[in-house]
$ cat start-v7.cif   # mmCIF, C-alpha atoms and all ligand atoms
data_input
loop_
_atom_site.label_atom_id
_atom_site.label_comp_id
_atom_site.auth_asym_id
_atom_site.auth_seq_id
_atom_site.Cartn_x
_atom_site.Cartn_y
_atom_site.Cartn_z
CA MET A 1 -3.38 22.71 30.89
CA ARG A 2 -4.43 20.66 33.92
CA VAL A 3 -6.46 17.68 35.03
CA THR A 4 -9.45 18.34 37.25
CA HIS A 5 -9.64 16.17 40.38
CA ASP A 6 -12.57 17.66 42.29
CA SER A 7 -14.31 14.63 43.80
CA ALA A 8 -17.94 15.79 43.54
CA GLN A 9 -17.36 16.87 40.01
CA TRP A 10 -15.55 13.60 39.35
CA LYS A 11 -18.57 11.54 40.47
CA GLN A 12 -20.92 13.66 38.42
CA SER A 13 -18.69 13.26 35.42
CA LEU A 14 -18.40 9.52 35.92
CA SER A 15 -22.15 9.26 35.89
CA GLN A 16 -22.29 11.36 32.72
CA LEU A 17 -19.53 9.28 31.22
CA ALA A 18 -21.46 6.08 32.01
CA GLY A 19 -24.41 7.56 30.14
CA LEU A 20 -22.16 8.27 27.23
CA VAL A 21 -20.80 4.74 27.20
CA ILE A 22 -24.35 3.37 27.05
CA VAL A 23 -25.25 5.72 24.21
CA GLY A 24 -22.00 4.80 22.49
CA SER A 25 -22.67 1.08 22.95
CA LEU A 26 -26.13 1.38 21.57
CA LEU A 27 -25.06 3.44 18.63
CA GLY A 28 -21.50 2.47 17.92
CA GLY A 29 -20.43 -0.59 19.88
CA CYS A 30 -22.19 -3.35 18.01
CA THR A 31 -20.09 -5.70 15.97
CA THR A 32 -21.90 -5.64 12.67
CA ALA A 33 -20.61 -3.07 10.21
CA GLY A 34 -22.96 -0.39 9.01
CA ALA A 35 -24.85 0.48 12.18
CA GLN A 36 -21.93 2.40 13.67
CA TRP A 37 -21.54 5.05 11.08
CA PRO A 38 -24.68 7.13 10.78
CA TRP A 39 -24.19 8.60 14.26
CA VAL A 40 -20.77 9.78 13.33
CA PHE A 41 -21.73 11.82 10.35
CA ALA A 42 -25.27 12.88 11.15
CA PRO A 43 -25.33 13.38 14.91
CA SER A 44 -28.77 13.88 16.43
CA ALA A 45 -29.66 15.65 19.70
CA THR A 46 -29.12 12.46 21.71
CA ASN A 47 -25.74 11.69 20.27
CA PRO A 48 -22.31 12.03 21.89
CA PRO A 49 -21.39 15.43 20.45
CA ALA A 50 -24.15 17.15 22.43
CA ASN A 51 -23.59 15.16 25.62
CA ASN A 52 -19.84 15.43 25.41
CA GLN A 53 -19.93 19.14 26.11
CA ASN A 54 -21.06 18.40 29.67
CA VAL A 55 -18.18 16.06 30.50
CA GLN A 56 -15.60 17.95 32.56
CA ALA A 57 -13.30 15.23 33.89
CA PRO A 58 -11.04 13.35 33.63
CA VAL A 59 -9.86 15.07 30.48
CA ILE A 60 -6.92 17.28 29.66
CA ARG A 61 -8.03 20.42 27.95
CA PRO A 62 -6.08 22.61 25.56
CA PRO A 63 -5.35 26.09 26.92
CA VAL A 64 -7.17 27.82 24.07
CA VAL A 65 -10.43 26.51 22.62
CA THR A 66 -11.40 27.83 19.22
CA VAL A 67 -14.69 27.17 17.47
CA ASN A 68 -13.68 23.99 15.64
CA ALA A 69 -10.84 22.87 17.87
CA PRO A 70 -11.07 19.47 19.55
CA ARG A 71 -11.79 19.77 23.25
CA ASP A 72 -12.18 16.33 24.74
CA LEU A 73 -9.08 14.41 23.76
CA GLY A 74 -7.58 11.94 26.24
CA GLY A 75 -5.17 9.03 26.26
CA ASP A 76 -1.58 8.85 25.03
CA TYR A 77 -2.14 11.58 22.43
CA ALA A 78 -4.08 14.07 24.57
CA ASN A 79 -1.26 16.58 24.54
CA TYR A 80 -0.41 16.55 20.84
CA PRO A 81 -1.35 19.88 19.22
CA GLU A 82 -0.69 18.34 15.80
CA LEU A 83 -3.34 15.70 16.42
CA ARG A 84 -5.77 18.43 17.43
CA GLU A 85 -5.02 20.21 14.15
CA PHE A 86 -5.48 16.94 12.30
CA ILE A 87 -8.89 16.38 13.89
CA GLY A 88 -9.88 19.92 12.94
CA LYS A 89 -8.79 19.26 9.38
CA MET A 90 -10.74 15.99 9.16
CA ASN A 91 -13.78 17.92 10.33
CA HIS A 92 -13.28 20.88 8.04
CA GLN A 93 -12.24 19.02 4.88
CA HIS A 94 -14.12 15.76 5.16
CA GLY A 95 -17.03 16.40 7.51
CA PHE A 96 -15.96 14.02 10.27
CA ASP A 97 -17.59 14.68 13.60
CA ILE A 98 -15.10 16.15 16.07
CA ALA A 99 -16.49 14.32 19.09
CA PHE A 100 -16.30 11.03 17.20
CA LEU A 101 -12.65 11.62 16.35
CA GLU A 102 -11.85 12.73 19.90
CA GLN A 103 -13.41 9.55 21.22
CA THR A 104 -11.60 7.48 18.61
CA PHE A 105 -8.16 9.00 19.27
CA SER A 106 -8.63 9.03 23.04
CA GLY A 107 -8.58 5.23 22.85
CA VAL A 108 -5.33 5.11 20.88
CA GLN A 109 -2.29 3.72 22.64
CA ARG A 110 1.18 4.54 21.38
CA ASP A 111 2.53 1.65 19.29
CA GLN A 112 6.15 1.61 20.37
CA ALA A 113 6.90 -1.53 18.33
CA ALA A 114 5.74 0.23 15.17
CA LEU A 115 8.02 3.17 15.92
CA THR A 116 10.98 0.85 16.47
CA LYS A 117 10.32 -1.14 13.28
CA ALA A 118 9.85 2.01 11.21
CA SER A 119 13.36 3.09 12.19
CA ALA A 120 15.00 -0.06 10.80
CA PRO A 121 13.56 -1.05 7.40
CA THR A 122 14.88 -4.33 5.97
CA GLU A 123 15.57 -2.67 2.61
CA GLY A 124 18.67 -1.15 4.19
CA GLN A 125 20.34 -4.55 4.19
CA ALA A 126 22.83 -5.86 1.65
CA TRP A 127 21.26 -7.82 -1.21
CA GLN A 128 22.99 -11.03 -0.05
CA VAL A 129 21.28 -10.63 3.34
CA TYR A 130 17.94 -9.40 1.96
CA ARG A 131 17.44 -12.10 -0.68
CA PRO A 132 17.43 -15.19 1.59
CA ILE A 133 14.67 -13.65 3.72
CA PHE A 134 12.26 -14.08 0.82
CA LEU A 135 13.76 -16.83 -1.34
CA THR A 136 13.14 -19.72 1.03
CA GLU A 137 11.95 -23.25 0.30
CA THR A 138 8.89 -22.59 2.47
CA ARG A 139 7.97 -19.52 0.46
CA ILE A 140 8.55 -21.19 -2.90
CA ASN A 141 6.49 -24.25 -1.98
CA GLY A 142 3.89 -22.01 -0.35
CA GLY A 143 3.61 -20.15 -3.65
CA VAL A 144 2.92 -23.34 -5.58
CA ASP A 145 0.32 -24.31 -3.01
CA PHE A 146 -1.34 -20.87 -3.12
CA TRP A 147 -1.34 -21.01 -6.93
CA ASN A 148 -2.98 -24.45 -6.91
CA ARG A 149 -5.58 -23.47 -4.33
CA HIS A 150 -6.57 -20.25 -6.07
CA ALA A 151 -5.95 -21.16 -9.71
CA VAL A 152 -9.37 -20.02 -10.91
CA LEU A 153 -9.13 -16.61 -9.20
CA LEU A 154 -5.54 -16.12 -10.37
CA ASP A 155 -6.31 -17.11 -13.98
CA SER A 156 -9.26 -14.77 -14.01
CA ALA A 157 -7.19 -11.86 -12.64
CA THR A 158 -4.41 -12.51 -15.14
CA ARG A 159 -6.86 -12.56 -18.03
CA GLN A 160 -8.61 -9.39 -16.93
CA TYR A 161 -5.60 -7.29 -15.85
CA GLY A 162 -2.80 -8.80 -17.94
CA VAL A 163 -0.49 -9.39 -14.98
CA ASP A 164 1.60 -12.57 -14.99
CA THR A 165 0.18 -14.99 -12.40
CA ALA A 166 3.60 -15.85 -10.94
CA TYR A 167 4.04 -12.20 -9.90
CA LEU A 168 0.61 -11.99 -8.29
CA VAL A 169 1.52 -15.06 -6.25
CA ALA A 170 5.03 -13.79 -5.45
CA ILE A 171 3.81 -10.40 -4.23
CA ILE A 172 1.36 -12.05 -1.85
CA GLY A 173 4.16 -14.42 -0.79
CA VAL A 174 6.64 -11.64 -0.08
CA GLU A 175 4.08 -9.48 1.67
CA THR A 176 2.29 -11.97 3.92
CA GLN A 177 3.48 -15.53 3.20
CA TYR A 178 0.25 -16.10 1.30
CA GLY A 179 -1.96 -14.60 3.95
CA LYS A 180 -0.35 -16.30 6.96
CA ASN A 181 0.99 -13.04 8.33
CA THR A 182 -1.17 -10.05 7.50
CA GLY A 183 0.03 -8.13 10.56
CA LYS A 184 -1.07 -7.81 14.17
CA HIS A 185 -0.68 -4.09 14.66
CA ASN A 186 -3.81 -2.08 15.19
CA VAL A 187 -3.75 0.13 12.11
CA LEU A 188 -5.34 3.13 13.79
CA GLN A 189 -2.76 2.99 16.59
CA ALA A 190 0.19 2.35 14.28
CA LEU A 191 -0.69 5.21 11.92
CA THR A 192 -1.37 7.60 14.79
CA SER A 193 1.97 6.71 16.40
CA LEU A 194 3.89 7.10 13.14
CA GLY A 195 1.96 10.22 12.20
CA PHE A 196 2.70 12.06 15.44
CA ASP A 197 5.77 10.40 16.99
CA PHE A 198 7.95 9.71 13.95
CA PRO A 199 9.02 13.14 12.66
CA ARG A 200 11.06 11.85 9.72
CA ARG A 201 7.93 10.57 7.96
CA ALA A 202 5.17 12.31 9.92
CA SER A 203 3.72 13.96 6.84
CA PHE A 204 3.44 10.66 4.96
CA TYR A 205 1.81 8.83 7.86
CA GLN A 206 -0.59 11.65 8.65
CA LYS A 207 -1.76 11.50 5.04
CA GLU A 208 -2.19 7.75 5.35
CA LEU A 209 -4.13 8.25 8.59
CA GLU A 210 -6.42 10.67 6.73
CA GLN A 211 -6.86 8.07 3.98
CA PHE A 212 -7.44 5.39 6.58
CA LEU A 213 -10.32 7.27 8.20
CA LEU A 214 -11.85 7.94 4.80
CA LEU A 215 -11.46 4.26 3.96
CA SER A 216 -13.16 3.23 7.20
CA ARG A 217 -16.07 5.51 6.40
CA GLU A 218 -16.37 4.26 2.82
CA GLU A 219 -16.19 0.62 3.83
CA LYS A 220 -18.55 1.23 6.77
CA VAL A 221 -16.18 -0.39 9.26
CA ARG A 222 -15.12 1.04 12.63
CA PRO A 223 -11.48 2.24 12.37
CA GLN A 224 -10.51 0.40 15.57
CA ILE A 225 -10.96 -3.07 14.10
CA PHE A 226 -8.40 -3.01 11.27
CA SER A 227 -5.18 -4.99 11.78
CA GLY A 228 -2.10 -4.69 9.63
CA SER A 229 1.63 -4.17 9.47
CA TYR A 230 3.55 -1.74 11.65
CA ALA A 231 3.20 0.74 8.78
CA GLY A 232 -0.55 0.27 8.48
CA ALA A 233 -0.51 -2.04 5.44
CA MET A 234 -3.50 -4.35 5.24
CA GLY A 235 -4.65 -7.65 3.82
CA LEU A 236 -2.99 -10.35 1.70
CA GLY A 237 -1.26 -7.78 -0.49
CA GLN A 238 -0.56 -5.31 2.33
CA PHE A 239 -2.17 -2.23 0.84
CA ILE A 240 -1.66 1.02 2.67
CA SER A 241 -4.82 3.05 3.06
CA SER A 242 -4.35 5.28 0.01
CA SER A 243 -3.73 2.19 -2.16
CA TYR A 244 -6.69 0.41 -0.62
CA ARG A 245 -8.94 3.30 -1.57
CA SER A 246 -7.48 3.60 -5.07
CA TYR A 247 -6.95 0.00 -6.17
CA ALA A 248 -8.96 -2.44 -4.05
CA ILE A 249 -11.55 -4.43 -6.01
CA ASP A 250 -14.72 -6.10 -4.77
CA GLY A 251 -13.92 -9.30 -6.64
CA ASN A 252 -16.79 -11.39 -5.27
CA ARG A 253 -19.26 -8.50 -5.55
CA ASP A 254 -20.61 -8.76 -2.04
CA GLY A 255 -20.51 -5.00 -1.57
CA LYS A 256 -17.29 -5.01 0.52
CA ARG A 257 -13.67 -4.67 -0.48
CA ASP A 258 -12.17 -7.20 1.90
CA LEU A 259 -8.46 -7.52 1.25
CA TRP A 260 -8.17 -10.42 3.71
CA ASP A 261 -10.32 -12.47 1.35
CA PRO A 262 -8.45 -13.93 -1.67
CA GLN A 263 -11.53 -13.33 -3.82
CA ASP A 264 -11.03 -9.58 -3.38
CA ALA A 265 -7.29 -9.50 -2.67
CA ILE A 266 -6.12 -11.28 -5.83
CA PRO A 267 -7.89 -9.02 -8.36
CA SER A 268 -6.90 -6.03 -6.20
CA VAL A 269 -3.19 -6.85 -6.48
CA ALA A 270 -3.61 -7.36 -10.23
CA ASN A 271 -5.44 -4.05 -10.53
CA TYR A 272 -2.66 -2.31 -8.58
CA PHE A 273 -0.06 -3.57 -11.05
CA ALA A 274 -2.18 -2.78 -14.09
CA LYS A 275 -2.83 0.78 -12.89
CA ASN A 276 0.88 1.24 -12.18
CA GLY A 277 2.15 0.43 -15.65
CA TRP A 278 2.40 -3.36 -15.87
CA LYS A 279 2.53 -4.34 -19.54
CA ARG A 280 0.88 -7.60 -20.50
CA GLY A 281 3.41 -10.13 -21.78
CA ALA A 282 6.46 -7.91 -21.22
CA GLY A 283 9.64 -9.00 -19.43
CA VAL A 284 10.72 -7.99 -15.94
CA ALA A 285 14.49 -8.36 -15.45
CA VAL A 286 17.48 -10.39 -16.58
CA PRO A 287 21.11 -10.41 -15.35
CA ALA A 288 23.45 -8.01 -17.15
CA TYR A 289 26.90 -8.48 -18.66
CA ILE A 290 28.99 -5.42 -17.93
CA SER A 291 32.40 -4.40 -19.22
CA GLY A 292 34.44 -1.22 -19.51
CA ASN A 293 33.58 1.75 -17.31
CA GLY A 294 30.40 3.11 -18.90
CA TYR A 295 28.01 1.09 -16.73
CA ALA A 296 28.91 2.86 -13.47
CA SER A 297 27.36 6.19 -14.42
CA ILE A 298 24.03 4.70 -15.58
CA ALA A 299 23.49 2.08 -12.84
CA GLU A 300 20.44 2.77 -10.67
CA THR A 301 20.24 1.79 -6.99
CA THR A 302 16.80 3.35 -6.53
CA ALA A 303 13.60 2.95 -8.50
CA LYS A 304 13.47 5.23 -11.56
CA LYS A 305 11.20 5.03 -14.56
CA PRO A 306 13.20 3.31 -17.33
CA SER A 307 14.33 5.82 -19.96
CA ARG A 308 16.93 3.88 -21.97
CA THR A 309 16.72 1.38 -24.81
CA LEU A 310 18.78 -1.80 -25.07
CA SER A 311 20.87 0.06 -27.68
CA ASP A 312 21.59 2.82 -25.16
CA LEU A 313 22.79 0.18 -22.71
CA ALA A 314 24.93 -1.46 -25.39
CA ALA A 315 26.63 1.91 -25.99
CA SER A 316 27.70 1.76 -22.32
CA GLU A 317 28.90 -1.84 -22.77
CA VAL A 318 25.94 -3.31 -20.91
CA ARG A 319 24.09 -6.29 -22.38
CA PRO A 320 21.28 -8.49 -21.07
CA GLN A 321 22.29 -12.11 -20.51
CA ALA A 322 18.95 -13.25 -22.01
CA PRO A 323 16.34 -11.57 -24.21
CA ILE A 324 14.09 -9.07 -22.41
CA ASN A 325 10.93 -7.78 -24.02
CA SER A 326 10.69 -4.15 -22.87
CA ALA A 327 10.74 -0.95 -24.91
CA LYS A 328 12.55 0.94 -22.15
CA VAL A 329 15.04 -0.50 -19.69
CA SER A 330 17.32 0.45 -16.80
CA LEU A 331 20.58 -0.94 -15.49
CA ILE A 332 19.82 -1.97 -11.90
CA LYS A 333 22.57 -2.27 -9.30
CA LEU A 334 21.90 -4.36 -6.19
CA ASP A 335 24.28 -3.24 -3.45
CA GLY A 336 25.89 -6.00 -1.47
CA THR A 337 29.08 -7.77 -0.49
CA THR A 338 29.36 -8.26 -4.26
CA ASP A 339 27.24 -5.88 -6.32
CA GLU A 340 24.89 -7.47 -8.86
CA TYR A 341 23.82 -5.83 -12.12
CA TRP A 342 20.54 -6.52 -13.87
CA VAL A 343 18.68 -5.12 -16.86
CA GLY A 344 15.23 -4.16 -15.57
CA GLY A 345 12.26 -3.44 -17.82
CA GLU A 346 9.10 -1.42 -17.43
CA ASN A 347 7.47 -4.25 -15.49
CA PHE A 348 10.35 -4.23 -13.02
CA TYR A 349 9.60 -0.57 -12.46
CA ALA A 350 5.90 -1.45 -12.02
CA ILE A 351 6.86 -3.71 -9.08
CA THR A 352 8.70 -0.81 -7.45
CA ARG A 353 5.40 1.12 -7.45
CA TYR A 354 4.39 -1.40 -4.80
CA ASN A 355 7.51 -0.77 -2.76
CA PRO A 356 10.20 1.63 -3.98
CA SER A 357 13.17 -0.60 -3.14
CA VAL A 358 14.91 -2.24 -6.12
CA LYS A 359 15.89 -5.09 -3.79
CA TYR A 360 12.23 -5.64 -2.98
CA ALA A 361 11.32 -5.71 -6.67
CA MET A 362 14.15 -8.14 -7.38
CA ALA A 363 13.06 -10.43 -4.53
CA VAL A 364 9.54 -10.48 -6.02
CA HIS A 365 10.95 -11.20 -9.48
CA GLN A 366 13.19 -14.03 -8.32
CA LEU A 367 10.50 -15.56 -6.12
CA ALA A 368 8.06 -15.47 -9.06
CA GLN A 369 10.61 -17.28 -11.23
CA GLU A 370 11.31 -19.91 -8.57
CA ILE A 371 7.61 -20.55 -7.95
CA ARG A 372 7.01 -20.96 -11.67
CA LYS A 373 9.93 -23.40 -11.98
CA ARG A 374 8.70 -25.42 -9.00
CA LYS A 375 5.15 -25.59 -10.37
CA PHE A 376 5.90 -26.31 -14.03
CA GLY A 377 9.45 -27.66 -13.87
CA PHE A 378 11.00 -25.02 -16.14
CA CA A 401 -15.92 -8.46 -1.60
#

$ encode --input "start-v7.cif" --output "structure tokens" --more "lines below"
Ligand SMILES: [Ca+2]
Amino acid sequence: MRVTHDSAQWKQSLSQLAGLVIVGSLLGGCTTAGAQWPWVFAPSATNPPANNQNVQAPVIRPPVVTVNAPRDLGGDYANYPELREFIGKMNHQHGFDIAFLEQTFSGVQRDQAALTKASAPTEGQAWQVYRPIFLTETRINGGVDFWNRHAVLLDSATRQYGVDTAYLVAIIGVETQYGKNTGKHNVLQALTSLGFDFPRRASFYQKELEQFLLLSREEKVRPQIFSGSYAGAMGLGQFISSSYRSYAIDGNRDGKRDLWDPQDAIPSVANYFAKNGWKRGAGVAVPAYISGNGYASIAETTAKKPSRTLSDLAASEVRPQAPINSAKVSLIKLDGTTDEYWVGGENFYAITRYNPSVKYAMAVHQLAQEIRKRKFGF
């Protein structure tokens, strides 16, 4: 593997590269969605794949070039064999053009901030530290304001999908402070960094990167323009790419699923809950009375599908402190300086399908309750 520095060749290549940039600008650089994509999937004789074969510098080449292997990959990820395999897979399985992907990934810069954040998730904190992050006056009042501003959309989503409005508002509040902070990471760069520089979850993030490229193609938007969280979550409800593809709704029927627009984001969050087991009118969670020793062996600190009845809990000397309407329940333990115990229903579990932390689900539940109290006074 080496970089070619021959000056005559370099000039020739620069001139060829300039030609490429012009072709790329004409075909792919415009800002309106839609025009960029045909050249990616149906390259013609004048398109980058053909021209690219003549570019010899300044690229780093793999030592062995097989028929479908990427050849012209530059930038921070030029020397990542796993990325080359990934590009080959996107070509083989999904028909993406190799030269397009090489060009796309050659522009990717390593997102060091994403790698740092991914190593220290907030869910690792004690409940007494975690809770105040989300249960703030600003977030409660912001929830009432969001509810008032989008009452028609929220009512409509609740009617159609059966999801309690307070929870739709709370999720958007926890995720993005009602759209104020939808994330400033470039999603393509964040997912590439996590997919190839974060071994602990490389497999997960590579799958999300695959989903992200498919999403970009389906939505006819260049992959470079998406912004999101360090983990590649997008829009008001912070959907990762696989969720975006599966659950996003075109609420205003303009032909685009734009999760930065409340008209699409609100029904999309409701649809996510509905598809993940939310039961219309059912309860979420109530504090538990515990006594004896039986509770310890049934308490859950991670999200598990509820499998017990209230009678089962009673046999372990666990009782809800208020009625909870749910056929199946779990005893939830929130780790902290003092552990808290709650009876969680099937809808509590549905919230954990959004984020698998029980602390996250409890923050959403408590924020929903506080927003409702602030809005209606009870
Ligand atoms: Ca739309």

$ closest_atom_pairs --input "start-v7.cif" --of "chain A" --to "ligand CA 401 (chain A)" --cutoff "8 Å" --atoms "all atoms listed in the file" --output "tab-separated table"
residue	atom	partner	partner_atom	distance
A:Ile249	CA	A:CA401	CA	7.4
A:Asp250	CA	A:CA401	CA	4.1
A:Gly251	CA	A:CA401	CA	5.5
A:Asn252	CA	A:CA401	CA	4.8
A:Arg253	CA	A:CA401	CA	5.2
A:Asp254	CA	A:CA401	CA	4.7
A:Gly255	CA	A:CA401	CA	5.7
A:Lys256	CA	A:CA401	CA	4.3
A:Arg257	CA	A:CA401	CA	4.5
A:Asp258	CA	A:CA401	CA	5.3
A:Asp261	CA	A:CA401	CA	7.5
A:Gln263	CA	A:CA401	CA	6.9
A:Asp264	CA	A:CA401	CA	5.3

$ atom_distance --input "start-v7.cif" --atom1 "CA of Pro306 in chain A" --atom2 "CA of Asn276 in chain A"
13.5 Å

$ residues_around --input "start-v7.cif" --residues "range 150-163 of chain A" --least-positions-apart "6" --cutoff "6 Å" --atoms "all atoms listed in the file" --output "ChimeraX atom specification"
/A:267,270,274,280

$ write_last_selection --input "start-v7.cif" --atoms "C-alpha atoms" --output "CSV table (one decimal), in the frame of the given file"
chain,number,residue,atom,x,y,z
A,267,PRO,CA,-7.9,-9.0,-8.4
A,270,ALA,CA,-3.6,-7.4,-10.2
A,274,ALA,CA,-2.2,-2.8,-14.1
A,280,ARG,CA,0.9,-7.6,-20.5

$ closest_residue --input "start-v7.cif" --among "A:Thr309, A:Thr352, A:Gln125, A:Gln224" --to "Gly277 in chain A" --atoms "all atoms listed in the file"
A:Thr352

$ closest_residue --input "start-v7.cif" --among "A:Phe134, A:Tyr167, A:Phe196, A:Tyr244" --to "Lys359 in chain A" --atoms "all atoms listed in the file"
A:Phe134

$ closest_residue --input "start-v7.cif" --among "A:Tyr230, A:Tyr349, A:Trp260, A:Phe239" --to "Leu194 in chain A" --atoms "only C-alpha atoms"
A:Tyr230

$ closest_atom_pairs --input "start-v7.cif" --of "range 300-372 of chain A" --to "range 171-193 of chain A" --cutoff "9 Å" --atoms "only C-alpha atoms" --output "JSON lines"
{"residue": "A:Ile351", "atom": "CA", "partner": "A:Ile171", "partner_atom": "CA", "distance": 8.8}
{"residue": "A:Tyr360", "atom": "CA", "partner": "A:Val174", "partner_atom": "CA", "distance": 8.7}
{"residue": "A:Ala363", "atom": "CA", "partner": "A:Val174", "partner_atom": "CA", "distance": 7.9}
{"residue": "A:Val364", "atom": "CA", "partner": "A:Ile171", "partner_atom": "CA", "distance": 6.0}
{"residue": "A:His365", "atom": "CA", "partner": "A:Ile171", "partner_atom": "CA", "distance": 8.9}
{"residue": "A:Leu367", "atom": "CA", "partner": "A:Val174", "partner_atom": "CA", "distance": 8.2}
{"residue": "A:Ala368", "atom": "CA", "partner": "A:Ile171", "partner_atom": "CA", "distance": 8.2}

$ write_last_selection --input "start-v7.cif" --atoms "C-alpha atoms" --output "compact mmCIF listing (two decimals), in the coordinates of the input"
# COMPACT_ATOMS: atom_id res chain seq x y z
CA ILE A 351 6.86 -3.71 -9.08
CA TYR A 360 12.23 -5.64 -2.98
CA ALA A 363 13.06 -10.43 -4.53
CA VAL A 364 9.54 -10.48 -6.02
CA HIS A 365 10.95 -11.20 -9.48
CA LEU A 367 10.50 -15.56 -6.12
CA ALA A 368 8.06 -15.47 -9.06

$ atom_distance --input "start-v7.cif" --atom1 "CA of Asn141 in chain A" --atom2 "CA of Glu370 in chain A"
9.2 Å

$ residues_near_point --input "start-v7.cif" --point "(-11.6, 15.6, 20.5)" --cutoff "9 Å" --atoms "only C-alpha atoms" --output "short mmCIF file (atom, residue, chain, number, x, y, z; two decimals) with C-alpha atoms, in the coordinates of the input"
data_model
loop_
_atom_site.label_atom_id
_atom_site.label_comp_id
_atom_site.auth_asym_id
_atom_site.auth_seq_id
_atom_site.Cartn_x
_atom_site.Cartn_y
_atom_site.Cartn_z
CA ALA A 69 -10.84 22.87 17.87
CA PRO A 70 -11.07 19.47 19.55
CA ARG A 71 -11.79 19.77 23.25
CA ASP A 72 -12.18 16.33 24.74
CA LEU A 73 -9.08 14.41 23.76
CA GLY A 74 -7.58 11.94 26.24
CA ALA A 78 -4.08 14.07 24.57
CA ARG A 84 -5.77 18.43 17.43
CA ILE A 87 -8.89 16.38 13.89
CA GLY A 88 -9.88 19.92 12.94
CA ILE A 98 -15.10 16.15 16.07
CA ALA A 99 -16.49 14.32 19.09
CA PHE A 100 -16.30 11.03 17.20
CA LEU A 101 -12.65 11.62 16.35
CA GLU A 102 -11.85 12.73 19.90
CA GLN A 103 -13.41 9.55 21.22
CA THR A 104 -11.60 7.48 18.61
CA PHE A 105 -8.16 9.00 19.27
CA SER A 106 -8.63 9.03 23.04
#

$ closest_residue --input "start-v7.cif" --among "A:Gln369, A:Asp111, A:Trp127, A:Lys220" --to "Gly195 in chain A" --atoms "all atoms listed in the file"
A:Asp111

$ residues_near_point --input "start-v7.cif" --point "(-5.0, 5.5, 9.0)" --cutoff "7 Å" --atoms "all atoms listed in the file" --output "PyMOL selection string"
chain A and resi 187-188+191+208-213+232+241

$ atom_distance --input "start-v7.cif" --atom1 "CA of Ser242 in chain A" --atom2 "CA of Lys207 in chain A"
8.4 Å

$ closest_residue --input "start-v7.cif" --among "A:Ile371, A:Ala303, A:Ile266, A:Ile298" --to "Gly142 in chain A" --atoms "all atoms listed in the file"
A:Ile371

$ closest_residue --input "start-v7.cif" --among "A:Tyr130, A:Tyr77, A:Phe86, A:Tyr272" --to "Thr337 in chain A" --atoms "all atoms listed in the file"
A:Tyr130

$ decode --input "start-v7.cif" --residues "range 293-317 of chain A" --atoms "C-alpha atoms" --output "mmCIF file, in the first residue's frame"
data_model
loop_
_atom_site.group_PDB
_atom_site.id
_atom_site.type_symbol
_atom_site.label_atom_id
_atom_site.label_comp_id
_atom_site.auth_asym_id
_atom_site.auth_seq_id
_atom_site.Cartn_x
_atom_site.Cartn_y
_atom_site.Cartn_z
ATOM 1 C CA ASN A 293 -37.650 -11.180 50.849
ATOM 2 C CA GLY A 294 -39.541 -12.458 47.805
ATOM 3 C CA TYR A 295 -39.217 -9.253 45.786
ATOM 4 C CA ALA A 296 -35.437 -9.464 45.379
ATOM 5 C CA SER A 297 -35.479 -12.478 43.080
ATOM 6 C CA ILE A 298 -38.140 -11.073 40.719
ATOM 7 C CA ALA A 299 -36.948 -7.442 40.483
ATOM 8 C CA GLU A 300 -35.804 -6.443 36.991
ATOM 9 C CA THR A 301 -33.072 -3.872 36.355
ATOM 10 C CA THR A 302 -33.189 -4.334 32.588
ATOM 11 C CA ALA A 303 -36.091 -4.271 30.165
ATOM 12 C CA LYS A 304 -37.899 -7.621 29.949
ATOM 13 C CA LYS A 305 -41.310 -8.382 28.531
ATOM 14 C CA PRO A 306 -43.712 -8.559 31.506
ATOM 15 C CA SER A 307 -44.653 -12.156 32.295
ATOM 16 C CA ARG A 308 -46.289 -11.908 35.733
ATOM 17 C CA THR A 309 -49.770 -11.008 36.930
ATOM 18 C CA LEU A 310 -50.538 -8.770 39.900
ATOM 19 C CA SER A 311 -51.409 -11.985 41.779
ATOM 20 C CA ASP A 312 -47.932 -13.358 41.050
ATOM 21 C CA LEU A 313 -46.435 -10.183 42.489
ATOM 22 C CA ALA A 314 -48.688 -10.416 45.548
ATOM 23 C CA ALA A 315 -47.355 -13.938 46.166
ATOM 24 C CA SER A 316 -43.898 -12.339 46.445
ATOM 25 C CA GLU A 317 -45.274 -9.656 48.795
#
